[in-house]
>>> print(open('start-v3.cif').read())   # mmCIF, C-alpha atoms
data_protein
loop_
_atom_site.label_atom_id
_atom_site.label_comp_id
_atom_site.auth_asym_id
_atom_site.auth_seq_id
_atom_site.Cartn_x
_atom_site.Cartn_y
_atom_site.Cartn_z
CA MET A 60 -24.84 12.52 30.12
CA VAL A 61 -26.43 15.71 28.96
CA SER A 62 -24.28 18.79 28.68
CA ARG A 63 -25.09 21.31 31.40
CA ARG A 64 -23.53 24.27 29.65
CA GLY A 65 -26.10 27.00 29.21
CA ARG A 66 -23.73 29.66 27.97
CA GLY A 67 -22.08 29.88 24.56
CA ARG A 68 -23.37 30.55 21.08
CA PRO A 69 -26.84 29.49 20.04
CA PRO A 70 -26.84 25.78 19.15
CA GLY A 71 -27.55 26.00 15.44
CA ASP A 72 -25.80 29.20 14.38
CA SER A 73 -24.57 29.24 10.85
CA ASP A 74 -20.91 28.48 11.51
CA ALA A 75 -21.51 25.79 14.16
CA ARG A 76 -20.96 23.04 11.59
CA GLU A 77 -17.58 24.44 10.61
CA ARG A 78 -16.61 24.93 14.25
CA ILE A 79 -17.48 21.29 14.95
CA ALA A 80 -15.42 20.07 11.97
CA ALA A 81 -12.44 22.17 13.05
CA ALA A 82 -12.77 20.96 16.65
CA ALA A 83 -12.99 17.36 15.44
CA THR A 84 -9.82 17.73 13.37
CA HIS A 85 -8.06 19.10 16.43
CA GLU A 86 -9.35 16.46 18.86
CA PHE A 87 -8.66 13.54 16.50
CA GLY A 88 -5.17 14.89 15.88
CA GLU A 89 -4.46 15.31 19.59
CA HIS A 90 -6.04 12.15 21.04
CA GLY A 91 -6.20 9.73 18.12
CA TYR A 92 -9.34 8.12 16.75
CA ASP A 93 -9.78 6.05 19.89
CA GLY A 94 -9.18 8.85 22.40
CA ALA A 95 -11.24 11.61 20.79
CA THR A 96 -14.84 11.82 22.06
CA VAL A 97 -17.91 13.56 20.71
CA ARG A 98 -18.27 15.26 24.13
CA ALA A 99 -14.78 16.77 23.93
CA ILE A 100 -15.31 17.82 20.31
CA ALA A 101 -18.60 19.49 21.27
CA ALA A 102 -16.96 21.28 24.22
CA ARG A 103 -14.14 22.55 22.00
CA ALA A 104 -16.67 23.79 19.41
CA ASP A 105 -18.78 25.30 22.19
CA VAL A 106 -21.94 23.42 21.17
CA ASP A 107 -24.13 20.74 22.70
CA PRO A 108 -23.04 17.14 21.85
CA ALA A 109 -26.51 16.60 20.37
CA LEU A 110 -25.68 19.16 17.70
CA VAL A 111 -22.59 17.16 16.70
CA HIS A 112 -24.80 14.11 16.23
CA HIS A 113 -27.39 16.22 14.42
CA TYR A 114 -24.88 17.51 11.88
CA PHE A 115 -22.54 14.52 11.54
CA GLY A 116 -24.06 11.36 13.08
CA ALA A 117 -21.77 9.05 15.05
CA LYS A 118 -18.04 9.50 15.67
CA ALA A 119 -17.22 7.28 12.67
CA ASP A 120 -19.34 9.49 10.41
CA LEU A 121 -17.70 12.64 11.74
CA PHE A 122 -14.23 11.18 11.20
CA ALA A 123 -15.06 9.99 7.68
CA GLU A 124 -16.25 13.52 6.89
CA VAL A 125 -13.24 15.43 8.23
CA ALA A 126 -10.74 12.85 6.90
CA GLY A 127 -12.28 13.18 3.43
CA PHE A 128 -13.37 9.55 2.97
CA PRO A 129 -15.00 9.43 -0.49
CA VAL A 130 -16.88 6.20 0.33
CA ARG A 131 -17.71 4.49 3.61
CA PRO A 132 -16.21 1.00 3.65
CA ASP A 133 -17.23 0.65 7.32
CA VAL A 134 -20.87 0.98 6.22
CA GLU A 135 -20.83 -0.53 2.72
CA VAL A 136 -18.74 -3.68 3.22
CA PRO A 137 -20.75 -5.01 6.20
CA ALA A 138 -23.93 -4.25 4.19
CA ILE A 139 -22.55 -6.33 1.30
CA LEU A 140 -21.75 -9.18 3.71
CA ARG A 141 -25.28 -9.11 5.10
CA GLY A 142 -26.40 -9.94 1.54
CA GLY A 143 -25.09 -13.47 2.18
CA PRO A 144 -21.80 -15.26 1.56
CA HIS A 145 -22.51 -16.31 -2.03
CA GLY A 146 -20.39 -14.13 -4.32
CA ALA A 147 -19.58 -11.72 -1.47
CA GLY A 148 -15.89 -11.55 -2.43
CA GLU A 149 -16.71 -10.49 -5.98
CA ARG A 150 -19.32 -7.99 -4.77
CA ILE A 151 -16.78 -6.35 -2.45
CA VAL A 152 -14.14 -6.08 -5.19
CA ARG A 153 -16.73 -4.68 -7.61
CA PHE A 154 -17.92 -2.12 -5.03
CA VAL A 155 -14.35 -0.89 -4.47
CA LEU A 156 -13.37 -0.77 -8.14
CA GLU A 157 -16.60 0.87 -9.33
CA ALA A 158 -16.18 3.52 -6.65
CA PHE A 159 -12.53 4.19 -7.57
CA GLU A 160 -13.35 4.37 -11.28
CA ARG A 161 -15.14 7.67 -10.44
CA PRO A 162 -12.51 10.45 -10.60
CA ASP A 163 -13.82 12.29 -7.50
CA VAL A 164 -13.69 9.10 -5.38
CA ARG A 165 -10.31 8.11 -6.80
CA LYS A 166 -8.73 11.48 -6.05
CA ARG A 167 -9.86 11.59 -2.43
CA GLY A 168 -9.41 7.87 -1.86
CA VAL A 169 -5.81 7.95 -3.05
CA MET A 170 -5.19 10.91 -0.75
CA VAL A 171 -6.59 9.07 2.30
CA LEU A 172 -4.57 5.97 1.42
CA ARG A 173 -1.35 7.92 0.98
CA THR A 174 -1.99 9.64 4.31
CA ALA A 175 -2.44 6.30 6.06
CA ILE A 176 0.83 4.97 4.64
CA SER A 177 2.97 8.10 4.72
CA GLY A 178 3.75 7.87 8.42
CA ARG A 179 2.77 11.49 8.96
CA LEU A 180 0.82 12.38 12.06
CA THR A 181 -2.49 11.64 10.37
CA GLY A 182 -1.47 8.07 9.48
CA PRO A 183 -2.24 6.52 12.88
CA LEU A 184 -5.66 8.18 12.79
CA VAL A 185 -6.72 6.23 9.71
CA THR A 186 -5.25 3.10 11.32
CA GLY A 187 -7.34 3.79 14.44
CA PHE A 188 -10.46 4.15 12.36
CA LEU A 189 -9.77 0.90 10.48
CA THR A 190 -9.00 -0.98 13.69
CA LEU A 191 -12.02 0.30 15.63
CA GLU A 192 -14.68 0.76 12.96
CA LEU A 193 -14.04 -1.09 9.69
CA LEU A 194 -12.38 -4.35 10.69
CA PRO A 195 -14.60 -5.25 13.69
CA ARG A 196 -17.71 -4.62 11.58
CA ILE A 197 -16.46 -7.00 8.91
CA ALA A 198 -15.31 -9.54 11.51
CA ASN A 199 -18.73 -9.28 13.15
CA GLU A 200 -20.35 -10.67 10.00
CA LEU A 201 -18.02 -13.71 9.96
CA ASP A 202 -18.28 -16.92 11.89
CA ALA A 203 -14.66 -17.84 12.56
CA PRO A 204 -12.32 -17.70 15.56
CA ASP A 205 -9.78 -15.71 13.53
CA ALA A 206 -12.41 -13.34 12.09
CA GLU A 207 -10.39 -10.19 12.74
CA LEU A 208 -7.31 -11.60 10.99
CA ARG A 209 -9.51 -12.61 8.06
CA ALA A 210 -11.02 -9.12 7.87
CA THR A 211 -7.50 -7.67 7.96
CA LEU A 212 -6.38 -9.96 5.12
CA VAL A 213 -9.32 -8.67 3.07
CA ALA A 214 -8.21 -5.10 3.80
CA SER A 215 -4.63 -5.96 2.81
CA GLN A 216 -5.62 -7.31 -0.62
CA ILE A 217 -8.05 -4.46 -1.29
CA ALA A 218 -5.41 -1.89 -0.29
CA GLY A 219 -2.82 -3.63 -2.50
CA LEU A 220 -5.29 -3.64 -5.40
CA ILE A 221 -6.08 0.08 -5.06
CA ILE A 222 -2.37 0.94 -4.73
CA ALA A 223 -1.32 -1.14 -7.74
CA ARG A 224 -4.11 0.16 -10.00
CA TYR A 225 -4.71 3.76 -8.90
CA VAL A 226 -1.61 4.92 -7.00
CA VAL A 227 1.47 3.19 -8.44
CA LYS A 228 -0.44 2.41 -11.68
CA LEU A 229 1.37 -0.77 -12.64
CA PRO A 230 0.50 -1.11 -16.35
CA ALA A 231 -1.06 -4.59 -16.40
CA MET A 232 -3.31 -3.67 -13.46
CA ARG A 233 -4.09 -0.15 -14.68
CA ASP A 234 -5.17 -1.49 -18.08
CA ALA A 235 -7.25 -4.45 -16.86
CA GLU A 236 -11.04 -4.34 -17.08
CA VAL A 237 -13.05 -4.12 -13.87
CA ASP A 238 -14.76 -7.44 -14.70
CA GLU A 239 -11.38 -9.14 -15.17
CA LEU A 240 -10.14 -7.93 -11.78
CA VAL A 241 -13.42 -8.90 -10.09
CA ALA A 242 -13.00 -12.43 -11.50
CA LEU A 243 -9.35 -12.68 -10.41
CA VAL A 244 -9.44 -10.99 -6.99
CA GLY A 245 -13.01 -11.83 -5.92
CA PRO A 246 -12.14 -15.48 -5.07
CA THR A 247 -9.23 -14.27 -2.90
CA ILE A 248 -11.58 -12.12 -0.83
CA GLN A 249 -14.13 -14.94 -0.71
CA ARG A 250 -11.50 -17.36 0.60
CA TYR A 251 -10.21 -14.94 3.25
CA LEU A 252 -13.77 -14.37 4.45
CA PHE A 253 -15.25 -17.85 4.41
CA ASP A 254 -12.80 -20.72 3.76
CA MET B 108 30.18 0.52 -27.86
CA VAL B 109 33.38 1.16 -26.00
CA SER B 110 33.88 4.57 -24.42
CA ARG B 111 36.50 6.59 -26.27
CA ARG B 112 37.22 9.03 -23.51
CA GLY B 113 40.89 8.94 -22.60
CA ARG B 114 40.83 11.92 -20.26
CA GLY B 115 39.38 12.03 -16.77
CA ARG B 116 40.38 10.53 -13.48
CA PRO B 117 42.04 7.12 -13.31
CA PRO B 118 39.38 4.40 -13.63
CA GLY B 119 39.61 2.90 -10.18
CA ASP B 120 40.39 5.87 -7.96
CA SER B 121 39.09 5.60 -4.45
CA ASP B 122 36.04 7.82 -4.81
CA ALA B 123 34.93 6.47 -8.20
CA ARG B 124 32.35 4.23 -6.58
CA GLU B 125 30.76 7.15 -4.75
CA ARG B 126 30.83 9.29 -7.89
CA ILE B 127 29.05 6.52 -9.79
CA ALA B 128 26.37 6.20 -7.09
CA ALA B 129 25.83 9.98 -7.07
CA ALA B 130 25.69 10.07 -10.87
CA ALA B 131 23.21 7.18 -10.87
CA THR B 132 20.93 8.97 -8.39
CA HIS B 133 21.00 12.04 -10.60
CA GLU B 134 20.40 10.18 -13.89
CA PHE B 135 17.62 8.00 -12.46
CA GLY B 136 15.97 11.10 -11.02
CA GLU B 137 16.23 13.00 -14.27
CA HIS B 138 15.37 10.31 -16.82
CA GLY B 139 13.45 7.69 -14.83
CA TYR B 140 14.41 4.06 -14.45
CA ASP B 141 13.69 3.37 -18.10
CA GLY B 142 15.51 6.40 -19.53
CA ALA B 143 18.68 6.30 -17.44
CA THR B 144 21.55 4.37 -19.05
CA VAL B 145 24.77 2.95 -17.65
CA ARG B 146 26.61 4.90 -20.37
CA ALA B 147 25.14 8.24 -19.27
CA ILE B 148 25.79 7.41 -15.61
CA ALA B 149 29.40 6.55 -16.44
CA ALA B 150 29.82 9.77 -18.44
CA ARG B 151 28.41 11.87 -15.58
CA ALA B 152 30.74 10.11 -13.10
CA ASP B 153 33.64 10.53 -15.53
CA VAL B 154 34.49 6.81 -15.59
CA ASP B 155 34.36 4.03 -18.14
CA PRO B 156 31.02 2.14 -18.31
CA ALA B 157 32.96 -1.06 -17.55
CA LEU B 158 33.80 0.36 -14.13
CA VAL B 159 30.08 0.85 -13.40
CA HIS B 160 29.50 -2.82 -14.18
CA HIS B 161 32.58 -3.77 -12.19
CA TYR B 162 31.36 -2.00 -9.05
CA PHE B 163 27.59 -2.47 -9.34
CA GLY B 164 26.70 -5.09 -11.97
CA ALA B 165 23.70 -4.43 -14.23
CA LYS B 166 21.42 -1.36 -14.17
CA ALA B 167 18.95 -3.19 -11.91
CA ASP B 168 21.70 -3.92 -9.39
CA LEU B 169 22.87 -0.31 -9.45
CA PHE B 170 19.32 0.96 -8.92
CA ALA B 171 18.65 -1.50 -6.09
CA GLU B 172 21.82 -0.23 -4.43
CA VAL B 173 21.17 3.50 -4.70
CA ALA B 174 17.43 3.12 -3.90
CA GLY B 175 18.32 1.20 -0.74
CA PHE B 176 16.54 -2.07 -1.57
CA PRO B 177 17.16 -4.35 1.43
CA VAL B 178 16.37 -7.50 -0.57
CA ARG B 179 16.21 -8.18 -4.30
CA PRO B 180 12.73 -9.42 -5.22
CA ASP B 181 13.68 -9.22 -8.91
CA VAL B 182 16.36 -11.87 -8.26
CA GLU B 183 14.84 -13.90 -5.41
CA VAL B 184 11.25 -14.35 -6.59
CA PRO B 185 12.13 -15.71 -10.06
CA ALA B 186 14.66 -18.02 -8.34
CA ILE B 187 11.88 -19.33 -6.09
CA LEU B 188 9.65 -19.90 -9.13
CA ARG B 189 12.40 -21.85 -10.88
CA GLY B 190 12.18 -24.28 -7.92
CA GLY B 191 8.91 -25.48 -9.46
CA PRO B 192 5.23 -24.57 -8.99
CA HIS B 193 4.57 -26.87 -6.01
CA GLY B 194 4.27 -24.67 -2.91
CA ALA B 195 5.71 -21.66 -4.74
CA GLY B 196 3.07 -19.30 -3.31
CA GLU B 197 3.92 -20.27 0.25
CA ARG B 198 7.66 -20.05 -0.45
CA ILE B 199 7.28 -16.50 -1.80
CA VAL B 200 5.22 -15.35 1.21
CA ARG B 201 7.73 -16.96 3.58
CA PHE B 202 10.68 -15.32 1.81
CA VAL B 203 9.05 -11.87 2.10
CA LEU B 204 7.97 -12.25 5.73
CA GLU B 205 11.24 -13.78 6.94
CA ALA B 206 13.12 -10.91 5.28
CA PHE B 207 10.87 -8.25 6.84
CA GLU B 208 11.12 -9.84 10.28
CA ARG B 209 14.74 -8.65 10.26
CA PRO B 210 14.79 -5.06 11.60
CA ASP B 211 17.36 -3.81 9.07
CA VAL B 212 15.36 -5.16 6.12
CA ARG B 213 12.08 -3.92 7.59
CA LYS B 214 13.38 -0.39 8.11
CA ARG B 215 14.74 0.01 4.59
CA GLY B 216 11.91 -1.96 2.96
CA VAL B 217 9.24 0.23 4.58
CA MET B 218 11.14 3.30 3.40
CA VAL B 219 11.26 2.07 -0.22
CA LEU B 220 7.57 1.16 -0.10
CA ARG B 221 6.56 4.53 1.34
CA THR B 222 8.63 6.24 -1.35
CA ALA B 223 6.84 4.29 -4.08
CA ILE B 224 3.42 5.28 -2.71
CA SER B 225 4.09 8.82 -1.53
CA GLY B 226 3.75 10.52 -4.88
CA ARG B 227 7.09 12.21 -4.41
CA LEU B 228 9.46 12.48 -7.34
CA THR B 229 11.17 9.21 -6.51
CA GLY B 230 7.90 7.24 -6.57
CA PRO B 231 7.77 6.71 -10.35
CA LEU B 232 11.34 5.41 -10.21
CA VAL B 233 10.36 2.44 -8.07
CA THR B 234 7.37 1.91 -10.35
CA GLY B 235 9.70 1.89 -13.35
CA PHE B 236 11.92 -0.69 -11.68
CA LEU B 237 8.94 -2.91 -10.83
CA THR B 238 7.52 -2.61 -14.33
CA LEU B 239 10.78 -3.26 -16.16
CA GLU B 240 12.66 -5.63 -13.85
CA LEU B 241 10.52 -7.40 -11.26
CA LEU B 242 7.19 -8.09 -12.99
CA PRO B 243 8.54 -9.29 -16.39
CA ARG B 244 10.93 -11.67 -14.62
CA ILE B 245 8.06 -13.18 -12.66
CA ALA B 246 5.82 -13.24 -15.76
CA ASN B 247 8.64 -14.93 -17.66
CA GLU B 248 8.44 -17.94 -15.34
CA LEU B 249 4.69 -18.34 -15.92
CA ASP B 250 2.94 -20.04 -18.79
CA ALA B 251 -0.19 -17.92 -19.24
CA PRO B 252 -1.40 -15.28 -21.71
CA ASP B 253 -2.11 -12.86 -18.83
CA ALA B 254 1.22 -13.57 -17.10
CA GLU B 255 2.03 -9.90 -16.46
CA LEU B 256 -1.36 -9.25 -14.87
CA ARG B 257 -0.87 -12.34 -12.69
CA ALA B 258 2.60 -11.15 -11.63
CA THR B 259 1.10 -7.75 -10.81
CA LEU B 260 -1.65 -9.35 -8.70
CA VAL B 261 1.07 -11.17 -6.75
CA ALA B 262 2.82 -7.84 -6.19
CA SER B 263 -0.46 -6.23 -5.06
CA GLN B 264 -1.11 -8.86 -2.37
CA ILE B 265 2.50 -8.88 -1.18
CA ALA B 266 2.53 -5.06 -0.98
CA GLY B 267 -0.80 -5.10 0.90
CA LEU B 268 0.56 -7.71 3.30
CA ILE B 269 3.72 -5.70 4.03
CA ILE B 270 1.73 -2.48 4.46
CA ALA B 271 -0.84 -4.06 6.81
CA ARG B 272 1.76 -5.83 8.96
CA TYR B 273 4.80 -3.55 8.97
CA VAL B 274 3.63 -0.06 7.95
CA VAL B 275 0.07 0.50 9.17
CA LYS B 276 0.45 -2.34 11.73
CA LEU B 277 -3.14 -3.47 11.89
CA PRO B 278 -3.22 -5.44 15.16
CA ALA B 279 -4.50 -8.83 13.92
CA MET B 280 -1.91 -8.86 11.15
CA ARG B 281 0.91 -7.46 13.29
CA ASP B 282 0.33 -10.15 15.93
CA ALA B 283 -0.06 -13.14 13.60
CA GLU B 284 2.69 -15.77 13.36
CA VAL B 285 4.69 -16.00 10.14
CA ASP B 286 3.51 -19.61 9.68
CA GLU B 287 -0.13 -18.55 10.03
CA LEU B 288 0.26 -15.85 7.37
CA VAL B 289 2.14 -18.22 5.06
CA ALA B 290 -0.77 -20.68 5.34
CA LEU B 291 -3.40 -17.98 4.72
CA VAL B 292 -1.74 -15.88 2.00
CA GLY B 293 0.36 -18.58 0.28
CA PRO B 294 -2.65 -20.10 -1.54
CA THR B 295 -3.63 -16.62 -2.84
CA ILE B 296 -0.20 -16.19 -4.43
CA GLN B 297 -0.32 -19.77 -5.73
CA ARG B 298 -3.70 -19.13 -7.38
CA TYR B 299 -2.60 -15.84 -8.98
CA LEU B 300 0.49 -17.56 -10.39
CA PHE B 301 -0.85 -20.87 -11.62
CA ASP B 302 -4.66 -21.26 -11.56
#
>>> encode(input="start-v3.cif", output="structure tokens")
Amino acid sequence: MVSRRGRGRPPGDSDARERIAAAATHEFGEHGYDGATVRAIAARADVDPALVHHYFGAKADLFAEVAGFPVRPDVEVPAILRGGPHGAGERIVRFVLEAFERPDVRKRGVMVLRTAISGRLTGPLVTGFLTLELLPRIANELDAPDAELRATLVASQIAGLIIARYVVKLPAMRDAEVDELVALVGPTIQRYLFD
Amino acid sequence: MVSRRGRGRPPGDSDARERIAAAATHEFGEHGYDGATVRAIAARADVDPALVHHYFGAKADLFAEVAGFPVRPDVEVPAILRGGPHGAGERIVRFVLEAFERPDVRKRGVMVLRTAISGRLTGPLVTGFLTLELLPRIANELDAPDAELRATLVASQIAGLIIARYVVKLPAMRDAEVDELVALVGPTIQRYLFD
């Protein structure tokens, strides 16, 4: 449905983007990832829903932006899987590690991960995003009755890898080369996805 | 060396155990897992070091007690490995899941895990314990040049499994049967340990 509101600020005024981001933070916090809608976010920001899409894209893009996601696993991992099953496990591990080797990605990624695990109010939001955006998109690329469990197992090993290397910094993992970890963990991801 | 202090409270007075636990919390917090010593803990509690051992055992036991560890992976996992390599991966996954299915273990285990990941002051303490007590004891049971990295990979997958099922509660993982997860994750642990 098209918004019928004719009143309010002009659609593209200079602080509309910030108003939308603030409204999104509020709506996600209040209704969860699942319950928040682009319509409600637009209404709270006093803009047309089309402007939300214009500035931020879909709900997943808007959430990734306001939650500070440094990379988009919900976009990148399905894209890797569409490259075919051969070596997909290693390609996913390499994508994650090469991203986290960049200090800017690592800093924000660790923050998002800590938030998801901390149990604070924002934790369930990240869970909602994973459950509704990341895992179904991975599962969608698989041909197995337990595809969602397999996608979740992938997420569990990737999360454990990031935590051990970049958060808790266990020495043997912190000091390993990316290639070494790709060779060791890649087959795990491959097996969860396809075996 | 034997303590030469003759003064102080009688060695076994009724609150000595609590004084030792409080002193341990302080010393671990101040000097880390590595730097804290049973001698310094005993001195702070104004007891003989032998009394610390009498009440709590070794430093690892004392730490596990004051940190609220609900199970002792540093004792249990090496014991499982000494049962032989056949099926060891599945036995380790089953031990972890069956422990965490108990509400008391789950509650305390999730708390310890969150502490380790939160970045709060106590986080490095758990890391120190893992690095000095758990991982070398697992590595010690393996016959590989990269034994510590392999032990750390095991820890990463087990941590990811606990986080996905009991902390973040991703639906597919939360709803899976223990047997199903043992069958899916056991071979990962087996491969990290022995392949």
>>> closest_residue(input="start-v3.cif", among="B:Ile148, B:Val154, B:Val275, B:Leu242", to="Leu260 (chain B)", atoms="all atoms listed in the file")
B:Leu242
>>> closest_atom_pairs(input="start-v3.cif", of="chain A", to="chain B", cutoff="6 Å", atoms="all atoms listed in the file", output="Markdown table")
| residue | atom | partner | partner_atom | distance |
| --- | --- | --- | --- | --- |
| A:Leu208 | CA | B:Ala279 | CA | 4.9 |
| A:Ser215 | CA | B:Gly267 | CA | 4.4 |
| A:Gln216 | CA | B:Gln264 | CA | 5.1 |
| A:Ala218 | CA | B:Gly267 | CA | 5.7 |
| A:Gly219 | CA | B:Gly267 | CA | 4.2 |
| A:Leu220 | CA | B:Ser263 | CA | 5.5 |
| A:Ala223 | CA | B:Ser263 | CA | 5.8 |
| A:Ala231 | CA | B:Leu256 | CA | 4.9 |
>>> resolve_selection(input="start-v3.cif", expression="the PyMOL selection byres ((chain A and resi 196) around 10)", output="ChimeraX atom specification")
/A:132-134,136-138,140,189-195,197-201,207,210
>>> write_last_selection(input="start-v3.cif", atoms="C-alpha atoms", output="CSV table (one decimal), in the frame of the given file")
chain,number,residue,atom,x,y,z
A,132,PRO,CA,-16.2,1.0,3.6
A,133,ASP,CA,-17.2,0.6,7.3
A,134,VAL,CA,-20.9,1.0,6.2
A,136,VAL,CA,-18.7,-3.7,3.2
A,137,PRO,CA,-20.8,-5.0,6.2
A,138,ALA,CA,-23.9,-4.2,4.2
A,140,LEU,CA,-21.8,-9.2,3.7
A,189,LEU,CA,-9.8,0.9,10.5
A,190,THR,CA,-9.0,-1.0,13.7
A,191,LEU,CA,-12.0,0.3,15.6
A,192,GLU,CA,-14.7,0.8,13.0
A,193,LEU,CA,-14.0,-1.1,9.7
A,194,LEU,CA,-12.4,-4.4,10.7
A,195,PRO,CA,-14.6,-5.2,13.7
A,197,ILE,CA,-16.5,-7.0,8.9
A,198,ALA,CA,-15.3,-9.5,11.5
A,199,ASN,CA,-18.7,-9.3,13.2
A,200,GLU,CA,-20.4,-10.7,10.0
A,201,LEU,CA,-18.0,-13.7,10.0
A,207,GLU,CA,-10.4,-10.2,12.7
A,210,ALA,CA,-11.0,-9.1,7.9
>>> resolve_selection(input="start-v3.cif", expression="the PyMOL selection byres ((chain B and resi 136) around 12)", output="ChimeraX atom specification")
/B:129-135,137-144,148,170,173-174,227-233,235
>>> atom_distance(input="start-v3.cif", atom1="CA of Ala109 (chain A)", atom2="CA of Phe128 (chain A)")
22.9 Å
>>> atom_distance(input="start-v3.cif", atom1="CA of Glu236 (chain A)", atom2="CA of Phe154 (chain A)")
14.1 Å
>>> atom_distance(input="start-v3.cif", atom1="CA of Asp202 (chain A)", atom2="CA of Arg141 (chain A)")
12.5 Å
>>> closest_residue(input="start-v3.cif", among="A:Leu252, A:Val155, A:Ala119, A:Ala242", to="Tyr225 (chain A)", atoms="all atoms listed in the file")
A:Val155
>>> decode(input="start-v3.cif", residues="region 127-144 of chain B", atoms="N, CA and C atoms", output="mmCIF file, in the first residue's frame")
data_model
loop_
_atom_site.group_PDB
_atom_site.id
_atom_site.type_symbol
_atom_site.label_atom_id
_atom_site.label_comp_id
_atom_site.auth_asym_id
_atom_site.auth_seq_id
_atom_site.Cartn_x
_atom_site.Cartn_y
_atom_site.Cartn_z
ATOM 1 N N ILE B 127 39.381 -17.961 51.860
ATOM 2 C CA ILE B 127 40.226 -18.422 50.751
ATOM 3 C C ILE B 127 39.539 -18.113 49.412
ATOM 4 N N ALA B 128 38.238 -18.387 49.324
ATOM 5 C CA ALA B 128 37.519 -18.120 48.066
ATOM 6 C C ALA B 128 37.553 -16.630 47.732
ATOM 7 N N ALA B 129 37.358 -15.781 48.747
ATOM 8 C CA ALA B 129 37.394 -14.333 48.506
ATOM 9 C C ALA B 129 38.792 -13.892 48.088
ATOM 10 N N ALA B 130 39.805 -14.453 48.756
ATOM 11 C CA ALA B 130 41.187 -14.098 48.413
ATOM 12 C C ALA B 130 41.517 -14.561 46.988
ATOM 13 N N ALA B 131 41.011 -15.729 46.620
ATOM 14 C CA ALA B 131 41.263 -16.257 45.277
ATOM 15 C C ALA B 131 40.636 -15.340 44.227
ATOM 16 N N THR B 132 39.387 -14.921 44.458
ATOM 17 C CA THR B 132 38.723 -14.015 43.521
ATOM 18 C C THR B 132 39.549 -12.752 43.338
ATOM 19 N N HIS B 133 40.047 -12.227 44.443
ATOM 20 C CA HIS B 133 40.852 -11.005 44.384
ATOM 21 C C HIS B 133 42.161 -11.237 43.619
ATOM 22 N N GLU B 134 42.877 -12.300 43.969
ATOM 23 C CA GLU B 134 44.186 -12.551 43.347
ATOM 24 C C GLU B 134 44.050 -12.887 41.861
ATOM 25 N N PHE B 135 43.035 -13.688 41.512
ATOM 26 C CA PHE B 135 42.819 -13.991 40.092
ATOM 27 C C PHE B 135 42.503 -12.692 39.335
ATOM 28 N N GLY B 136 41.655 -11.861 39.940
ATOM 29 C CA GLY B 136 41.278 -10.613 39.286
ATOM 30 C C GLY B 136 42.456 -9.678 39.105
ATOM 31 N N GLU B 137 43.357 -9.682 40.077
ATOM 32 C CA GLU B 137 44.478 -8.748 40.033
ATOM 33 C C GLU B 137 45.617 -9.239 39.151
ATOM 34 N N HIS B 138 45.899 -10.544 39.185
ATOM 35 C CA HIS B 138 47.097 -11.059 38.521
ATOM 36 C C HIS B 138 46.801 -11.998 37.361
ATOM 37 N N GLY B 139 45.518 -12.223 37.069
ATOM 38 C CA GLY B 139 45.176 -13.156 35.991
ATOM 39 C C GLY B 139 45.294 -14.596 36.452
ATOM 40 N N TYR B 140 44.817 -15.519 35.598
ATOM 41 C CA TYR B 140 44.909 -16.925 35.985
ATOM 42 C C TYR B 140 46.361 -17.354 36.114
ATOM 43 N N ASP B 141 47.175 -16.923 35.154
ATOM 44 C CA ASP B 141 48.575 -17.301 35.131
ATOM 45 C C ASP B 141 49.330 -16.763 36.346
ATOM 46 N N GLY B 142 49.123 -15.476 36.651
ATOM 47 C CA GLY B 142 49.921 -14.795 37.670
ATOM 48 C C GLY B 142 49.528 -15.108 39.111
ATOM 49 N N ALA B 143 48.273 -15.482 39.329
ATOM 50 C CA ALA B 143 47.842 -15.766 40.704
ATOM 51 C C ALA B 143 48.482 -17.076 41.177
ATOM 52 N N THR B 144 48.919 -17.090 42.438
ATOM 53 C CA THR B 144 49.520 -18.317 42.989
ATOM 54 C C THR B 144 48.753 -18.734 44.243
#
